[in-house]
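Student: Contents of model-v5.txt (compact mmCIF, C-alpha atoms) are given next:
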# COMPACT_ATOMS: atom_id res chain seq x y z
CA MET A 1 -34.86 -19.47 -18.30
CA LYS A 2 -36.94 -18.54 -21.36
CA LYS A 3 -35.28 -16.60 -24.15
CA HIS A 4 -37.56 -13.62 -23.52
CA ASP A 5 -36.61 -13.57 -19.82
CA LYS A 6 -32.92 -13.87 -20.64
CA GLY A 7 -33.19 -10.85 -22.89
CA LYS A 8 -34.97 -8.88 -20.17
CA LYS A 9 -32.34 -9.82 -17.60
CA ALA A 10 -29.52 -8.81 -19.93
CA LEU A 11 -31.24 -5.51 -20.67
CA LYS A 12 -31.71 -4.86 -16.95
CA ILE A 13 -28.02 -5.47 -16.25
CA VAL A 14 -26.97 -3.20 -19.12
CA LEU A 15 -29.34 -0.48 -17.92
CA LEU A 16 -28.06 -0.70 -14.35
CA ALA A 17 -24.47 -0.55 -15.62
CA LEU A 18 -25.33 2.55 -17.63
CA ILE A 19 -26.89 4.16 -14.54
CA ILE A 20 -23.73 3.34 -12.60
CA PHE A 21 -21.63 4.99 -15.31
CA ILE A 22 -23.76 8.16 -15.35
CA ILE A 23 -23.75 8.43 -11.56
CA PHE A 24 -19.98 7.92 -11.55
CA ILE A 25 -19.60 10.85 -13.97
CA VAL A 26 -21.84 13.05 -11.80
CA GLN A 27 -19.94 12.06 -8.64
CA ASN A 28 -16.44 12.68 -9.96
CA THR A 29 -16.69 15.66 -12.31
CA GLY A 30 -16.23 19.30 -11.40
CA GLY A 31 -19.22 21.58 -11.94
CA MET A 32 -21.65 18.77 -11.11
CA PRO A 33 -23.83 18.85 -7.95
CA ASN A 34 -21.62 16.46 -5.98
CA HIS A 35 -20.77 18.39 -2.84
CA ILE A 36 -22.13 20.76 -0.21
CA GLY A 37 -19.24 22.77 1.14
CA ARG A 38 -16.55 20.20 1.96
CA ALA A 39 -19.01 17.34 2.38
CA ARG A 40 -19.16 15.03 -0.65
CA PHE A 41 -21.94 12.92 -2.10
CA PHE A 42 -20.60 9.36 -2.55
CA PHE A 43 -23.47 8.46 -4.88
CA LEU A 44 -22.02 5.13 -6.00
CA ILE A 45 -22.26 3.62 -2.50
CA PRO A 46 -26.06 3.94 -2.01
CA LEU A 47 -26.57 3.03 -5.68
CA VAL A 48 -24.63 -0.23 -5.36
CA ILE A 49 -26.31 -1.08 -2.05
CA CYS A 50 -29.77 -0.42 -3.53
CA ILE A 51 -28.87 -2.65 -6.48
CA GLY A 52 -27.91 -5.31 -3.94
CA ILE A 53 -31.27 -4.89 -2.20
CA THR A 54 -33.26 -5.41 -5.39
CA GLN A 55 -31.10 -7.78 -7.45
CA SER A 56 -29.54 -11.20 -7.02
CA VAL A 57 -26.22 -11.74 -5.26
CA ALA A 58 -24.36 -12.44 -8.49
CA VAL A 59 -25.68 -9.41 -10.39
CA SER A 60 -25.13 -6.98 -7.52
CA THR A 61 -21.63 -8.33 -6.84
CA TRP A 62 -20.39 -7.85 -10.37
CA LEU A 63 -22.11 -4.51 -10.82
CA GLY A 64 -20.51 -3.40 -7.55
CA LEU A 65 -17.14 -4.45 -8.93
CA PHE A 66 -17.80 -2.46 -12.12
CA ALA A 67 -18.65 0.65 -10.10
CA GLY A 68 -15.54 0.20 -7.97
CA ILE A 69 -13.26 -0.15 -10.98
CA LEU A 70 -14.64 3.10 -12.44
CA TRP A 71 -14.02 4.91 -9.15
CA ASP A 72 -10.48 3.52 -8.90
CA CYS A 73 -9.64 5.13 -12.26
CA VAL A 74 -9.90 8.63 -10.77
CA SER A 75 -8.79 7.78 -7.25
CA ALA A 76 -5.76 9.51 -5.83
CA GLU A 77 -5.11 6.54 -3.54
CA LEU A 78 -4.27 2.88 -3.97
CA PRO A 79 -6.01 1.35 -7.03
CA GLY A 80 -8.19 -1.60 -6.06
CA PHE A 81 -9.57 -0.18 -2.81
CA HIS A 82 -12.87 0.97 -4.31
CA SER A 83 -13.16 -2.18 -6.46
CA ILE A 84 -13.01 -4.42 -3.41
CA ALA A 85 -15.18 -2.11 -1.30
CA LEU A 86 -18.07 -1.79 -3.76
CA LEU A 87 -17.87 -5.48 -4.71
CA CYS A 88 -18.33 -6.32 -1.02
CA PHE A 89 -21.16 -3.81 -0.63
CA GLY A 90 -23.05 -5.32 -3.55
CA CYS A 91 -22.54 -8.87 -2.38
CA ILE A 92 -23.22 -8.32 1.33
CA SER A 93 -26.32 -6.16 0.81
CA ALA A 94 -27.84 -8.82 -1.45
CA LEU A 95 -27.05 -11.56 1.07
CA ILE A 96 -28.51 -9.56 3.97
CA ILE A 97 -31.79 -9.01 2.10
CA GLU A 98 -31.87 -12.66 1.04
CA GLN A 99 -31.37 -13.98 4.58
CA PHE A 100 -32.39 -11.45 7.19
CA PHE A 101 -34.29 -8.30 6.24
CA ARG A 102 -37.29 -7.30 4.20
CA ARG A 103 -36.89 -5.25 1.09
CA ASN A 104 -38.24 -1.78 1.81
CA ILE A 105 -37.23 1.87 1.91
CA VAL A 106 -36.34 1.86 5.61
CA THR A 107 -33.95 -1.05 5.18
CA ALA A 108 -32.43 0.71 2.19
CA VAL A 109 -31.78 3.94 4.09
CA ILE A 110 -30.28 2.13 7.09
CA MET A 111 -28.05 -0.09 4.95
CA CYS A 112 -26.89 2.87 2.85
CA ALA A 113 -26.05 4.90 5.96
CA VAL A 114 -24.14 2.00 7.52
CA GLY A 115 -22.34 1.21 4.24
CA THR A 116 -21.31 4.83 3.67
CA ALA A 117 -20.11 5.12 7.27
CA PHE A 118 -18.09 1.96 6.90
CA TYR A 119 -16.54 3.18 3.64
CA CYS A 120 -15.68 6.64 5.03
CA PHE A 121 -14.12 5.17 8.14
CA ALA A 122 -12.13 2.60 6.13
CA TYR A 123 -10.91 5.25 3.66
CA TRP A 124 -9.97 7.66 6.45
CA PHE A 125 -8.33 4.90 8.49
CA PHE A 126 -6.18 3.41 5.69
CA PHE A 127 -5.26 6.55 3.77
CA LEU A 128 -5.16 9.29 6.41
CA TRP A 129 -4.79 7.76 9.89
CA LEU A 130 -2.39 4.91 9.11
CA THR A 131 -0.25 7.10 6.84
CA ASP A 132 0.04 9.62 9.70
CA VAL A 133 -1.29 12.56 7.69
CA SER A 134 -1.41 15.69 9.82
CA GLY A 135 -4.91 16.80 10.73
CA ALA A 136 -6.44 13.39 10.02
CA ALA A 137 -8.94 13.66 12.87
CA SER A 138 -10.00 17.11 11.67
CA ALA A 139 -10.44 15.78 8.12
CA PHE A 140 -12.80 13.08 9.40
CA LEU A 141 -14.97 15.56 11.30
CA ARG A 142 -15.01 18.22 8.59
CA VAL A 143 -15.21 16.10 5.43
CA TYR A 144 -16.08 12.45 5.92
CA PHE A 145 -18.61 12.61 8.75
CA PRO A 146 -20.82 15.22 6.99
CA SER A 147 -20.39 13.17 3.79
CA ILE A 148 -21.92 10.14 5.53
CA LEU A 149 -25.00 12.20 6.45
CA ILE A 150 -25.64 13.78 3.07
CA THR A 151 -24.94 10.55 1.17
CA ALA A 152 -27.41 8.59 3.30
CA ILE A 153 -30.11 11.14 2.42
CA THR A 154 -29.84 10.17 -1.24
CA ALA A 155 -30.68 6.50 -0.52
CA PRO A 156 -34.45 6.82 -1.23
CA LEU A 157 -33.71 8.32 -4.64
CA PHE A 158 -31.56 5.38 -5.70
CA TYR A 159 -33.87 2.81 -4.09
CA TYR A 160 -36.88 4.02 -6.11
CA LEU A 161 -34.79 4.35 -9.28
CA VAL A 162 -33.43 0.79 -9.06
CA SER A 163 -36.83 -0.57 -7.99
CA PHE A 164 -38.42 1.10 -11.02
CA VAL A 165 -35.93 -0.56 -13.36
CA HIS A 166 -36.44 -3.90 -11.59
CA LYS A 167 -40.25 -3.71 -11.87
CA LYS A 168 -40.25 -2.74 -15.53
CA LEU A 169 -37.83 -5.50 -16.48
CA ARG A 170 -38.91 -8.16 -14.00
CA THR A 171 -38.44 -11.73 -15.19
CA ASN A 172 -40.77 -14.63 -14.35
CA MET B 1 -26.42 -18.81 3.63
CA LYS B 2 -24.34 -22.02 3.90
CA ASP B 3 -25.19 -22.82 0.30
CA PHE B 4 -23.80 -19.43 -0.74
CA PHE B 5 -20.44 -20.13 0.89
CA ARG B 6 -20.27 -23.52 -0.76
CA GLY B 7 -21.32 -22.27 -4.18
CA ARG B 8 -19.32 -21.24 -7.25
CA LEU B 9 -20.23 -17.56 -6.85
CA PHE B 10 -18.46 -17.33 -3.50
CA LYS B 11 -15.36 -18.98 -4.92
CA ALA B 12 -15.39 -16.58 -7.87
CA ILE B 13 -15.77 -13.59 -5.54
CA THR B 14 -12.87 -14.87 -3.39
CA VAL B 15 -10.65 -15.20 -6.45
CA VAL B 16 -11.51 -11.68 -7.64
CA VAL B 17 -10.89 -10.14 -4.21
CA VAL B 18 -7.55 -11.95 -3.89
CA ILE B 19 -6.52 -10.73 -7.36
CA PHE B 20 -7.37 -7.15 -6.47
CA LEU B 21 -5.62 -7.41 -3.08
CA VAL B 22 -2.48 -8.75 -4.74
CA GLY B 23 -2.74 -5.96 -7.30
CA MET B 24 -3.04 -3.38 -4.52
CA ILE B 25 0.00 -4.78 -2.72
CA ILE B 26 2.03 -4.77 -5.93
CA ALA B 27 0.83 -1.23 -6.74
CA ALA B 28 1.73 -0.06 -3.24
CA SER B 29 5.21 -1.56 -3.33
CA THR B 30 6.13 -0.61 -6.88
CA HIS B 31 3.95 2.56 -7.22
CA SER B 32 2.64 1.25 -10.54
CA ASN B 33 -0.98 0.99 -11.68
CA THR B 34 -3.45 -1.71 -12.57
CA GLY B 35 -3.86 -2.20 -16.28
CA SER B 36 -7.65 -1.95 -16.11
CA SER B 37 -7.56 1.66 -14.89
CA SER B 38 -5.48 2.73 -17.94
CA PHE B 39 -7.96 1.26 -20.40
CA ILE B 40 -11.12 2.38 -18.62
CA GLY B 41 -9.70 5.83 -17.94
CA MET B 42 -9.17 6.34 -21.68
CA ILE B 43 -12.89 5.76 -22.15
CA ILE B 44 -14.27 7.79 -19.26
CA SER B 45 -12.16 10.97 -19.49
CA PRO B 46 -13.97 12.36 -22.58
CA PHE B 47 -17.32 11.80 -20.84
CA GLN B 48 -16.08 13.60 -17.76
CA LYS B 49 -14.96 16.54 -19.87
CA ILE B 50 -18.40 16.77 -21.51
CA ALA B 51 -20.13 16.48 -18.16
CA GLY B 52 -17.89 19.19 -16.71
CA ASN B 53 -18.74 21.54 -19.57
CA ILE B 54 -22.45 20.87 -19.14
CA GLY B 55 -22.23 21.51 -15.41
CA ASN B 56 -20.35 24.78 -15.92
CA SER B 57 -22.77 25.95 -18.62
CA ILE B 58 -25.78 25.31 -16.41
CA GLY B 59 -24.13 27.16 -13.54
CA THR B 60 -23.28 30.12 -15.77
CA PHE B 61 -26.82 30.21 -17.22
CA PHE B 62 -28.51 30.48 -13.82
CA SER B 63 -25.89 32.93 -12.59
CA ASN B 64 -26.56 35.18 -15.59
CA ILE B 65 -30.32 35.10 -15.00
CA ALA B 66 -29.87 36.06 -11.36
CA THR B 67 -27.64 39.03 -12.10
CA ALA B 68 -29.10 40.28 -15.39
CA GLY B 69 -30.42 43.55 -14.02
CA GLU B 70 -27.20 44.50 -12.27
CA LYS B 71 -25.14 43.52 -15.28
CA SER B 72 -26.75 45.91 -17.74
CA ASP B 73 -25.98 48.90 -15.45
CA LYS B 74 -22.50 47.55 -14.87
CA ILE B 75 -21.89 47.08 -18.59
CA LYS B 76 -22.85 50.69 -19.30
CA GLU B 77 -20.51 51.90 -16.56
CA LEU B 78 -17.66 49.74 -17.87
CA GLU B 79 -18.19 50.86 -21.45
CA ASP B 80 -17.78 54.46 -20.36
CA LYS B 81 -14.62 53.54 -18.45
CA ILE B 82 -13.14 51.59 -21.36
CA ALA B 83 -13.75 54.51 -23.74
CA GLN B 84 -11.95 56.82 -21.31
CA LEU B 85 -9.01 54.39 -20.85
CA GLU B 86 -8.64 53.76 -24.57
CA SER B 87 -8.36 57.47 -25.32
CA GLU B 88 -5.84 58.12 -22.50
CA LEU B 89 -3.74 54.88 -22.38
CA VAL B 90 -3.47 53.47 -25.94
CA ASP B 91 0.07 52.16 -25.49
CA TYR B 92 -0.80 50.50 -22.18
CA GLU B 93 -3.74 48.65 -23.76
CA SER B 94 -1.42 47.41 -26.53
CA LEU B 95 1.01 46.01 -23.96
CA LYS B 96 -1.84 44.37 -22.04
CA ILE B 97 -3.02 42.60 -25.17
CA GLU B 98 0.54 41.45 -25.88
CA VAL B 99 0.98 40.06 -22.34
CA SER B 100 -2.44 38.47 -22.57
CA LEU B 101 -1.31 36.64 -25.73
CA TYR B 102 1.81 35.36 -23.94
CA LYS B 103 -0.25 34.16 -21.02
CA THR B 104 -2.71 32.48 -23.30
CA TYR B 105 -0.06 30.10 -24.55
CA LEU B 106 1.83 30.16 -21.24
CA GLU B 107 5.19 29.48 -22.87
CA ILE B 108 6.97 32.03 -20.75
CA LYS B 109 10.21 31.30 -22.54
CA GLU B 110 11.73 34.68 -21.74
CA GLU B 111 11.58 33.88 -18.04
CA HIS B 112 12.09 30.11 -18.14
CA PRO B 113 13.59 29.04 -21.45
CA ASP B 114 14.35 25.61 -20.01
CA TYR B 115 10.69 24.73 -19.28
CA VAL B 116 8.86 22.19 -21.43
CA PHE B 117 5.09 22.37 -20.89
CA ALA B 118 2.15 20.13 -21.59
CA PHE B 119 -1.19 21.94 -21.62
CA ALA B 120 -4.06 20.04 -20.01
CA GLU B 121 -7.67 20.54 -19.00
CA VAL B 122 -9.13 19.54 -15.66
CA VAL B 123 -11.77 16.88 -16.47
CA GLY B 124 -12.56 15.23 -13.15
CA LEU B 125 -11.93 15.04 -9.47
CA ASP B 126 -11.59 12.36 -6.82
CA SER B 127 -14.66 12.86 -4.63
CA ALA B 128 -13.15 10.80 -1.81
CA ASN B 129 -9.97 12.85 -1.52
CA ALA B 130 -10.40 15.61 1.04
CA TYR B 131 -7.82 17.95 -0.50
CA GLY B 132 -9.15 18.50 -3.99
CA SER B 133 -7.10 16.09 -6.09
CA PHE B 134 -8.17 16.22 -9.72
CA MET B 135 -7.79 14.45 -13.03
CA ILE B 136 -6.39 16.05 -16.21
CA ASN B 137 -6.77 14.86 -19.78
CA LYS B 138 -3.11 14.34 -20.64
CA GLY B 139 -0.91 11.42 -19.66
CA SER B 140 2.27 9.52 -20.42
CA LEU B 141 1.61 9.70 -24.16
CA HIS B 142 2.10 13.48 -23.87
CA GLY B 143 5.40 13.22 -22.01
CA ILE B 144 3.98 13.50 -18.48
CA SER B 145 5.49 11.39 -15.73
CA VAL B 146 4.94 10.91 -11.99
CA ASN B 147 6.06 13.86 -9.80
CA ASP B 148 5.88 16.40 -12.62
CA PRO B 149 4.89 19.83 -11.22
CA VAL B 150 1.48 21.20 -12.22
CA VAL B 151 1.12 24.96 -12.57
CA SER B 152 -1.43 27.58 -13.53
CA ASP B 153 0.18 30.79 -14.84
CA ASN B 154 3.25 30.95 -12.63
CA TYR B 155 1.59 29.43 -9.55
CA LEU B 156 2.32 25.93 -8.33
CA VAL B 157 -0.97 24.04 -7.86
CA GLY B 158 0.09 20.43 -7.44
CA ILE B 159 2.10 17.42 -8.46
CA VAL B 160 1.33 14.48 -10.77
CA TYR B 161 0.64 11.50 -8.54
CA ARG B 162 -0.51 8.82 -10.94
CA VAL B 163 -0.03 8.62 -14.72
CA GLU B 164 -1.95 6.63 -17.30
CA PRO B 165 -1.48 6.87 -21.08
CA THR B 166 -4.19 9.50 -21.67
CA TYR B 167 -4.87 11.00 -18.26
CA CYS B 168 -3.29 11.48 -14.90
CA VAL B 169 -4.30 12.22 -11.33
CA VAL B 170 -2.88 15.32 -9.65
CA LYS B 171 -2.53 15.84 -5.90
CA THR B 172 -2.81 19.47 -4.94
CA ILE B 173 -0.22 21.44 -3.04
CA LEU B 174 -2.77 21.67 -0.17
CA ASP B 175 -2.57 17.89 0.37
CA PRO B 176 -0.65 16.99 3.57
CA SER B 177 1.25 14.27 1.66
CA VAL B 178 2.77 16.87 -0.72
CA ASN B 179 5.87 18.62 0.66
CA VAL B 180 7.43 21.47 -1.31
CA ALA B 181 10.88 22.91 -0.64
CA SER B 182 10.32 26.66 -0.57
CA TYR B 183 11.80 30.00 0.41
CA ASP B 184 10.97 33.63 1.08
CA ILE B 185 12.03 35.60 -1.97
CA LYS B 186 13.00 38.63 0.12
CA THR B 187 14.84 37.17 3.14
CA ARG B 188 16.00 34.01 1.30
CA GLU B 189 14.99 31.95 4.29
CA TYR B 190 14.30 28.29 3.41
CA GLY B 191 11.64 25.89 4.67
CA TYR B 192 9.08 23.48 3.29
CA THR B 193 5.33 23.76 2.79
CA GLN B 194 2.78 21.13 3.66
CA GLY B 195 -1.01 21.06 3.68
CA GLU B 196 -3.11 20.68 6.80
CA ALA B 197 -6.71 19.58 7.20
CA ALA B 198 -7.54 22.58 9.39
CA LEU B 199 -6.06 25.08 6.89
CA TYR B 200 -7.46 23.56 3.68
CA PRO B 201 -10.96 25.21 3.85
CA ASP B 202 -9.29 28.64 3.76
CA ASN B 203 -7.01 27.69 0.85
CA GLN B 204 -4.00 27.81 3.17
CA LEU B 205 -1.01 25.64 3.97
CA ARG B 206 1.84 25.65 6.45
CA LEU B 207 5.47 26.68 5.98
CA SER B 208 7.63 24.79 8.45
CA ASP B 209 11.24 24.39 9.50
CA LEU B 210 11.85 28.12 9.99
CA ALA B 211 14.40 29.45 12.42
CA SER B 212 13.18 30.56 15.83
CA ASP B 213 14.40 34.08 15.01
CA THR B 214 12.93 34.07 11.51
CA SER B 215 12.74 37.36 9.66
CA ILE B 216 9.80 36.24 7.52
CA SER B 217 6.89 38.60 7.99
CA ILE B 218 3.22 38.78 7.10
CA GLY B 219 2.90 39.55 3.42
CA SER B 220 6.15 37.78 2.47
CA MET B 221 5.97 36.01 -0.89
CA ILE B 222 6.84 32.31 -0.74
CA CYS B 223 8.11 30.48 -3.83
CA THR B 224 9.58 27.09 -4.61
CA SER B 225 13.29 26.94 -3.87
CA GLY B 226 14.22 24.28 -6.44
CA LEU B 227 16.01 22.21 -3.79
CA GLY B 228 15.59 18.48 -4.34
CA GLY B 229 15.02 18.86 -8.08
CA VAL B 230 11.30 18.01 -7.97
CA PHE B 231 9.97 21.55 -8.51
CA PRO B 232 11.70 24.27 -10.52
CA ARG B 233 12.74 27.38 -8.66
CA ASP B 234 10.53 30.47 -8.24
CA LEU B 235 7.09 29.02 -8.82
CA ILE B 236 4.75 31.09 -6.66
CA ILE B 237 3.08 29.34 -3.74
CA GLY B 238 1.47 32.20 -1.88
CA LYS B 239 1.74 34.94 0.72
CA VAL B 240 2.34 34.63 4.45
CA THR B 241 -0.77 35.50 6.48
CA ALA B 242 0.41 34.49 9.95
CA ILE B 243 3.57 33.54 11.86
CA GLU B 244 3.12 30.95 14.60
CA LYS B 245 5.23 29.61 17.40
CA PRO B 246 4.60 25.87 18.01
CA GLU B 247 3.32 24.87 21.44
CA PHE B 248 6.05 22.38 22.23
CA GLY B 249 9.15 24.20 21.03
CA GLY B 250 11.00 23.86 17.76
CA GLY B 251 11.22 26.24 14.84
CA MET B 252 8.62 28.82 13.90
CA THR B 253 6.00 28.11 11.30
CA ALA B 254 4.02 30.35 8.98
CA VAL B 255 0.60 30.08 7.44
CA ILE B 256 0.55 30.74 3.71
CA GLU B 257 -2.52 31.59 1.68
CA HIS B 258 -2.35 30.07 -1.77
CA SER B 259 -2.82 32.67 -4.46
CA LEU B 260 -5.27 30.65 -6.60
CA ASP B 261 -8.58 28.94 -5.89
CA ILE B 262 -7.47 25.45 -6.87
CA SER B 263 -11.02 24.07 -6.83
CA ASP B 264 -11.93 26.47 -9.66
CA LEU B 265 -9.17 25.49 -12.09
CA LYS B 266 -10.16 24.64 -15.65
CA GLU B 267 -6.78 24.51 -17.40
CA VAL B 268 -3.30 23.80 -16.12
CA PHE B 269 0.21 23.28 -17.43
CA VAL B 270 2.40 20.33 -16.53
CA ILE B 271 6.11 21.06 -16.54
CA THR B 272 7.57 17.93 -18.07
CA GLU B 273 11.17 19.15 -18.28
CA PHE B 274 13.18 21.90 -16.62
CA SER B 275 16.77 22.64 -15.88
CA GLY B 276 17.86 20.93 -12.67
CA LYS B 277 15.11 18.31 -12.69
CA ILE B 278 15.96 15.12 -10.82
CA GLN B 279 13.79 12.15 -11.76
CA VAL B 280 12.57 10.84 -8.40
CA GLN B 281 12.19 7.06 -8.27
CA PRO B 282 8.72 6.17 -6.86
In structure tokens, write the structure found in this file.

Tutor:
Amino acid sequence: MKKHDKGKKALKIVLLALIIFIIFIVQNTGGMPNHIGRARFFFLIPLVICIGITQSVAVSTWLGLFAGILWDCVSAELPGFHSIALLCFGCISALIIEQFFRRNIVTAVIMCAVGTAFYCFAYWFFFLWLTDVSGAASAFLRVYFPSILITAITAPLFYYLVSFVHKKLRTN
Amino acid sequence: MKDFFRGRLFKAITVVVVIFLVGMIIAASTHSNTGSSSFIGMIISPFQKIAGNIGNSIGTFFSNIATAGEKSDKIKELEDKIAQLESELVDYESLKIEVSLYKTYLEIKEEHPDYVFAFAEVVGLDSANAYGSFMINKGSLHGISVNDPVVSDNYLVGIVYRVEPTYCVVKTILDPSVNVASYDIKTREYGYTQGEAALYPDNQLRLSDLASDTSISIGSMICTSGLGGVFPRDLIIGKVTAIEKPEFGGGMTAVIEHSLDISDLKEVFVITEFSGKIQVQP
């Protein structure tokens, strides 16, 4: 790869990491627009998936891991869960686009919705259902299911944002 | 796809996932933390505090614009009232200022001389947690340890769940995994409080293990009992709003409304030492 292209690629990765950091702050800080009632915006999930849709497997995997590590720092549950989850989202979304689907907004929205649903179910299952927390079913219906819907709506925003960065810093 | 599974990237991903899984298992069995979260948390907590202040300022700005007209009439009305109160109740205003100063520092040594506090600000929250767990900007370097009670004024708001050197994560008292030994200050009847998913939206929790002929009534004040040595005695939890008989027998339960809006907290105190504290092994 030419030196100029290497510099562009490095800059793109740094920029995406910075976007992940900013979105993490917005998602996990009080006073920020990160919830509607009890439903939460899990911004990092569609962001990582959209990075996977537009970037290579390697880049999206490690950026997913970075996002997951940040989220684990503020998590009230077992550290490592979000790291593994977002690493897998980054890797799998990149592989799916590479092998099966076309890269477009519809694919992005569907993959973000499915990814968020999978995350919410896994989180609810491991940390509420398996630990026999009272009212677990109610928590899923009142908190996590609405969160899936409102998070999926933000997919186009992150798809166009990541696509913009990718186009401006595209390498040959 | 086959090339991917044979390549170095897949092997690297497998190694990373195994490391994190092992870390999770170790963390689950020993209730310790991964080293990376300590280091990264030190970096991110100042950014979260700045972001929180920005968010609050923006909210206040728009709120002020929306209510500007009403506020000027209200201010005039209040100014007239204050002038009247100041002329009639000078001594009372002096006492209010003195109590306000005590509350500002929250070292209520006259009531609890055995308490040792650490003041902290709420800088972040766990978006995935359904019961409002939050992050504060003090940690083990400030004397805080796991299971330390977290209070605001004299109200119990939660318990320290995870500690890093410069920050810690607090689970609220409304979380179903947090049980608090408590009692009615009037009837001296004992029980324990626990959060419930159905009660959380109304800032309520359940008091369980009451006798079937309980004398607790609506309006009763519930406080921590101090039993178990995790929470000091007489921290306020809330007031009883309903008494319920369970469907399938057993003792009565009561619904308690917590006295504070935990989601709106900006500052808290962590009680790091108190008389009767038993250090619970995780």

Student: Pick out the closest residue to A:Thr107 from this set: A:Leu44, A:Ala155, A:Val14, A:Ala58. Count only C-alpha atoms.

Tutor: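 Among A:Leu44, A:Ala155, A:Val14, A:Ala58, it is A:Ala155 that comes nearest to A:Thr107.
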
Student: Please produce, as CSV, a per-residue contact table for chain B versus chain A (criterion: any atom at most 6 Å away, all atoms listed in the file considered), showing the nearest atom pair and its distance in Å to one decimal, sorted by chain then residue number.

Tutor:
residue,atom,partner,partner_atom,distance
B:Phe20,CA,A:Gly80,CA,5.6
B:Met24,CA,A:Gly80,CA,5.7
B:Ser37,CA,A:Cys73,CA,4.8
B:Gly41,CA,A:Cys73,CA,5.7
B:Gln48,CA,A:Ile25,CA,5.9
B:Gly52,CA,A:Gly31,CA,5.5
B:Gly55,CA,A:Gly31,CA,4.6
B:Asn56,CA,A:Gly31,CA,5.2
B:Gly124,CA,A:Thr29,CA,4.2
B:Leu125,CA,A:Asn28,CA,5.1
B:Asp126,CA,A:Ser75,CA,5.4
B:Ser127,CA,A:Asn28,CA,5.6
B:Glu196,CA,A:Gly135,CA,5.8
B:Ala197,CA,A:Gly135,CA,4.8

Student: Could those selected residues go to a file with C-alpha atoms, as a PDB file, in the frame of the given file?

Tutor:
ATOM      1  CA  PHE B  20      -7.370  -7.150  -6.470  1.00  0.00           C
ATOM      2  CA  MET B  24      -3.040  -3.380  -4.520  1.00  0.00           C
ATOM      3  CA  SER B  37      -7.560   1.660 -14.890  1.00  0.00           C
ATOM      4  CA  GLY B  41      -9.700   5.830 -17.940  1.00  0.00           C
ATOM      5  CA  GLN B  48     -16.080  13.600 -17.760  1.00  0.00           C
ATOM      6  CA  GLY B  52     -17.890  19.190 -16.710  1.00  0.00           C
ATOM      7  CA  GLY B  55     -22.230  21.510 -15.410  1.00  0.00           C
ATOM      8  CA  ASN B  56     -20.350  24.780 -15.920  1.00  0.00           C
ATOM      9  CA  GLY B 124     -12.560  15.230 -13.150  1.00  0.00           C
ATOM     10  CA  LEU B 125     -11.930  15.040  -9.470  1.00  0.00           C
ATOM     11  CA  ASP B 126     -11.590  12.360  -6.820  1.00  0.00           C
ATOM     12  CA  SER B 127     -14.660  12.860  -4.630  1.00  0.00           C
ATOM     13  CA  GLU B 196      -3.110  20.680   6.800  1.00  0.00           C
ATOM     14  CA  ALA B 197      -6.710  19.580   7.200  1.00  0.00           C
TER      15      ALA B 197
END

Student: Please, what distance in Å, to one decimal, runs between atom CA of B:Gly276 and atom CA of B:Asn154?

Tutor: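 Interatomic distance, atom CA of B:Gly276 to atom CA of B:Asn154: 17.7 Å.
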
Student: Please provide as a PyMOL selection string all residues within 7 Å of B:Tyr115, with the sequence filter that same-chain residues fewer than 4 positions apart are discarded (counting all atoms listed in the file).

Tutor: chain B and resi 271+273-274

Student: Between atom CA of B:Thr166 and atom CA of A:Gly68, what is the distance, to one decimal in Å?

Tutor: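 It comes out at 20.1 Å.
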
Student: Which is closest to B:Ser259 among B:Ala198, B:Val151, B:Ala128, B:Val163, if we use all atoms listed in the file?

Tutor: B:Val151

Student: Looking at B:Thr253, B:Ser217, B:Thr241, B:Ser45, which one is nearest to B:Asn137, with distances taken over all atoms listed in the file?

Tutor: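 With all atoms listed in the file as the atom set, the closest residue is B:Ser45.
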
Student: Could you list, as a list in words, every residue within 7 Å of A:Ile49, counting all atoms listed in the file and ignoring same-chain residues fewer than 3 positions away?

Tutor: Ile45, Pro46, Gly52, Ile53, Phe89, Gly90, Ser93 and Cys112 of chain A
